[in-house]
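Structure first, then comments.
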Amino acid sequence: MRISDLPRFARRHPLVIAGGGLLGLLIILALAASLYAGDPSNIDPFKRLQPPSAEMWFGSDNLGRDVFARTIFGARISLMVGLMSAAFAALGGLLIGIIAGYNRPFDNIVMRVMDGLMSIPTILLAIALISLTGPGIGILIVAIAIPETPAVARLVRSVVLGVRERPYVEAALCGGARLPKVIWRHILPSTIPPLMVQSATVCASAILTEAGLSFLGVGVPPEIPSWGNMIASSRLYLAIAPLTIFAPGICLAVTVLAVNLLGDGLRDLFDPHAKRRR
């Protein structure tokens with residue numbers, strides 16, 4: 001795409017530009033947090049529950065920590081958990097879905113396991129996994145990615161089952177092409193568009209799940225700033241210092257909105273008929 005094509009692309013796909021631009025801005029702000037946001041862990045008991053000021057733009061929490069700094073650094077946790085969980089779920093679901101679409105015995109066994117995982121609420125399965133190993137960012141990502149993998153696997157499997165019957169795939173096989181080459185050249189490209197849309201949904205769900213787990217005290221450790229544990233630790237001080245809850249809550253909502261807008265835009269981009277049907 002040339003730079004001159006960007007205005008036309010923005011007019012035809014505004015959701016991609018809005019969601020991608022907002023999400024990109026949030027990522028830049030989170031990555032550059034150490035340059036402007038201050039120290040999110042600095043405790044000053046003499047500045048507890050202070051209102052917004054030039055020193056602390058969003059005021060301070062019950063321990064005297066800068067709410068603005070903790071909110072900005074909390075974006076790192078939410079975005080990392082959301083993006084990494086979506087990446088792991090997409091890779092795992094892609095591998096399982098492609099193999100299941102071409103291997104009937106594997107399909108019958110593994111898809112029943114996927115159905116079993118889908119019947120368990122994501123947050124309950126995540127709590128169970130975290131309870132076995134203890135809280136941490138790494139185990140949190142794995143605990144969220146595992147319950148999200150079955151939906152991705154079923155999506156990829158359905159695409160593979162449809163594409164493998166196409167004439168050009170059968171012609172490639174009859175022409176002597178090996179199955180791995182056919183999958184790489186003909187099957188895999190067909191799975192990428194729906195996989196990207198599903199990954200956006202998984203990312204938004206993972207961000208909300210992380211916030212919920214941290215709010216319950218089984219997600220990110222309390223010493224690490226996270227939107228979920230910020231809301232949990234400040235819920236008793238809503239009437240005194242409302243920004244301690246509103247700041248992370250609004251950022252959480254804006255981030256999920258950006259990811260969902262991007263997902264909707266990608267769906268319209270890859271399937272123009274979906275936009276006409278709405």
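Identifiers in the structure tokens: chain A, B, ... in order shown; residue index from 1 per chain; ligand index from 1 in order shown.
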
Skipping near chain neighbours, those fewer than 4 positions away, what residues fall within 9 Å of Met80 of chain A using only C-alpha atoms, listed as a PDB file with C-alpha atoms, in the first residue's frame?
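Saved file out.pdb follows:
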```pdb
ATOM      1  CA  ALA A  75      -1.130  -0.855  30.722  1.00  0.00           C
ATOM      2  CA  ARG A  76       2.066  -2.837  30.187  1.00  0.00           C
ATOM      3  CA  MET A  84       0.783 -12.922  24.516  1.00  0.00           C
ATOM      4  CA  SER A  85      -2.306 -14.927  25.450  1.00  0.00           C
ATOM      5  CA  ILE A 141      -0.616 -15.915  30.333  1.00  0.00           C
ATOM      6  CA  ILE A 207      -7.366  -8.425  29.073  1.00  0.00           C
TER       7      ILE A 207
END
```

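For the set A:Ala54, A:Ala37, A:Ile120, A:Leu140, the residue with the smallest atom-to-atom gap to Arg70 of chain A is A:Ala37, counting only C-alpha atoms.
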
Set the distance at 9 Å and use only C-alpha atoms: which residues neighbour segment 179-188 of chain A once local chain neighbours fewer than 3 positions away are removed? I'd like the list as a PyMOL selection string. chain A and resi 94+98+159-160+163-164+168-169+172-173+191-192

What would the file look like if the residues just selected were written as a compact mmCIF listing (two decimals), in the first residue's frame with all heavy atoms?
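Final output, out-v3.txt:
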```
# COMPACT_ATOMS: atom_id res chain seq x y z
N LEU A 94 -4.03 -22.99 15.88
CA LEU A 94 -3.69 -23.19 14.47
C LEU A 94 -3.10 -24.58 14.25
O LEU A 94 -3.49 -25.30 13.31
CB LEU A 94 -2.72 -22.12 14.02
CG LEU A 94 -2.22 -22.19 12.57
CD1 LEU A 94 -3.38 -22.00 11.60
CD2 LEU A 94 -1.14 -21.14 12.32
N ILE A 98 -5.24 -27.45 12.17
CA ILE A 98 -4.76 -27.97 10.89
C ILE A 98 -4.58 -29.48 10.94
O ILE A 98 -4.99 -30.20 10.02
CB ILE A 98 -3.44 -27.27 10.50
CG1 ILE A 98 -3.71 -25.82 10.11
CG2 ILE A 98 -2.76 -28.01 9.35
CD1 ILE A 98 -2.47 -25.04 9.74
N VAL A 159 -12.24 -24.21 8.86
CA VAL A 159 -11.69 -23.64 7.62
C VAL A 159 -10.95 -24.71 6.83
O VAL A 159 -11.10 -24.82 5.60
CB VAL A 159 -10.76 -22.47 7.95
CG1 VAL A 159 -10.06 -21.97 6.69
CG2 VAL A 159 -11.54 -21.33 8.59
N VAL A 160 -10.16 -25.53 7.52
CA VAL A 160 -9.39 -26.58 6.84
C VAL A 160 -10.32 -27.59 6.18
O VAL A 160 -10.10 -28.02 5.04
CB VAL A 160 -8.44 -27.27 7.83
CG1 VAL A 160 -7.77 -28.49 7.18
CG2 VAL A 160 -7.38 -26.29 8.31
N VAL A 163 -11.58 -25.91 2.99
CA VAL A 163 -10.61 -25.60 1.95
C VAL A 163 -10.02 -26.85 1.34
O VAL A 163 -9.71 -26.89 0.14
CB VAL A 163 -9.49 -24.70 2.54
CG1 VAL A 163 -8.38 -24.47 1.52
CG2 VAL A 163 -10.07 -23.37 2.98
N ARG A 164 -9.87 -27.90 2.12
CA ARG A 164 -9.21 -29.10 1.57
C ARG A 164 -10.02 -29.78 0.48
O ARG A 164 -9.49 -30.61 -0.26
CB ARG A 164 -8.95 -30.10 2.70
CG ARG A 164 -10.15 -30.85 3.20
CD ARG A 164 -9.78 -31.86 4.24
NE ARG A 164 -10.90 -32.73 4.57
CZ ARG A 164 -10.84 -33.74 5.45
NH1 ARG A 164 -9.69 -33.99 6.06
NH2 ARG A 164 -11.89 -34.48 5.69
N TYR A 168 -8.56 -26.64 -6.40
CA TYR A 168 -7.14 -26.36 -6.57
C TYR A 168 -6.29 -27.15 -5.57
O TYR A 168 -5.14 -27.49 -5.86
CB TYR A 168 -6.85 -24.86 -6.44
CG TYR A 168 -7.26 -24.22 -5.12
CD1 TYR A 168 -6.40 -24.25 -4.03
CD2 TYR A 168 -8.48 -23.58 -5.00
CE1 TYR A 168 -6.76 -23.65 -2.84
CE2 TYR A 168 -8.85 -22.98 -3.81
CZ TYR A 168 -8.00 -23.02 -2.73
OH TYR A 168 -8.35 -22.43 -1.55
N VAL A 169 -6.86 -27.47 -4.39
CA VAL A 169 -6.14 -28.30 -3.43
C VAL A 169 -6.06 -29.74 -3.94
O VAL A 169 -5.01 -30.39 -3.89
CB VAL A 169 -6.80 -28.24 -2.05
CG1 VAL A 169 -6.12 -29.20 -1.08
CG2 VAL A 169 -6.75 -26.81 -1.51
N ALA A 172 -3.57 -29.95 -6.72
CA ALA A 172 -2.18 -29.95 -6.25
C ALA A 172 -1.77 -31.32 -5.73
O ALA A 172 -0.67 -31.80 -6.01
CB ALA A 172 -2.01 -28.89 -5.16
N LEU A 173 -2.68 -31.99 -5.02
CA LEU A 173 -2.37 -33.33 -4.51
C LEU A 173 -2.26 -34.34 -5.65
O LEU A 173 -1.37 -35.19 -5.65
CB LEU A 173 -3.45 -33.76 -3.51
CG LEU A 173 -3.48 -32.99 -2.18
CD1 LEU A 173 -4.69 -33.39 -1.36
CD2 LEU A 173 -2.20 -33.23 -1.39
N THR A 191 -6.46 -19.75 6.42
CA THR A 191 -6.78 -19.67 7.85
C THR A 191 -6.36 -18.35 8.48
O THR A 191 -6.84 -18.02 9.57
CB THR A 191 -6.10 -20.82 8.61
OG1 THR A 191 -4.67 -20.66 8.56
CG2 THR A 191 -6.46 -22.17 8.02
N ILE A 192 -5.48 -17.59 7.82
CA ILE A 192 -4.94 -16.38 8.45
C ILE A 192 -6.00 -15.31 8.69
O ILE A 192 -6.07 -14.75 9.80
CB ILE A 192 -3.78 -15.82 7.61
CG1 ILE A 192 -2.64 -16.85 7.54
CG2 ILE A 192 -3.27 -14.52 8.20
CD1 ILE A 192 -2.11 -17.27 8.88
```
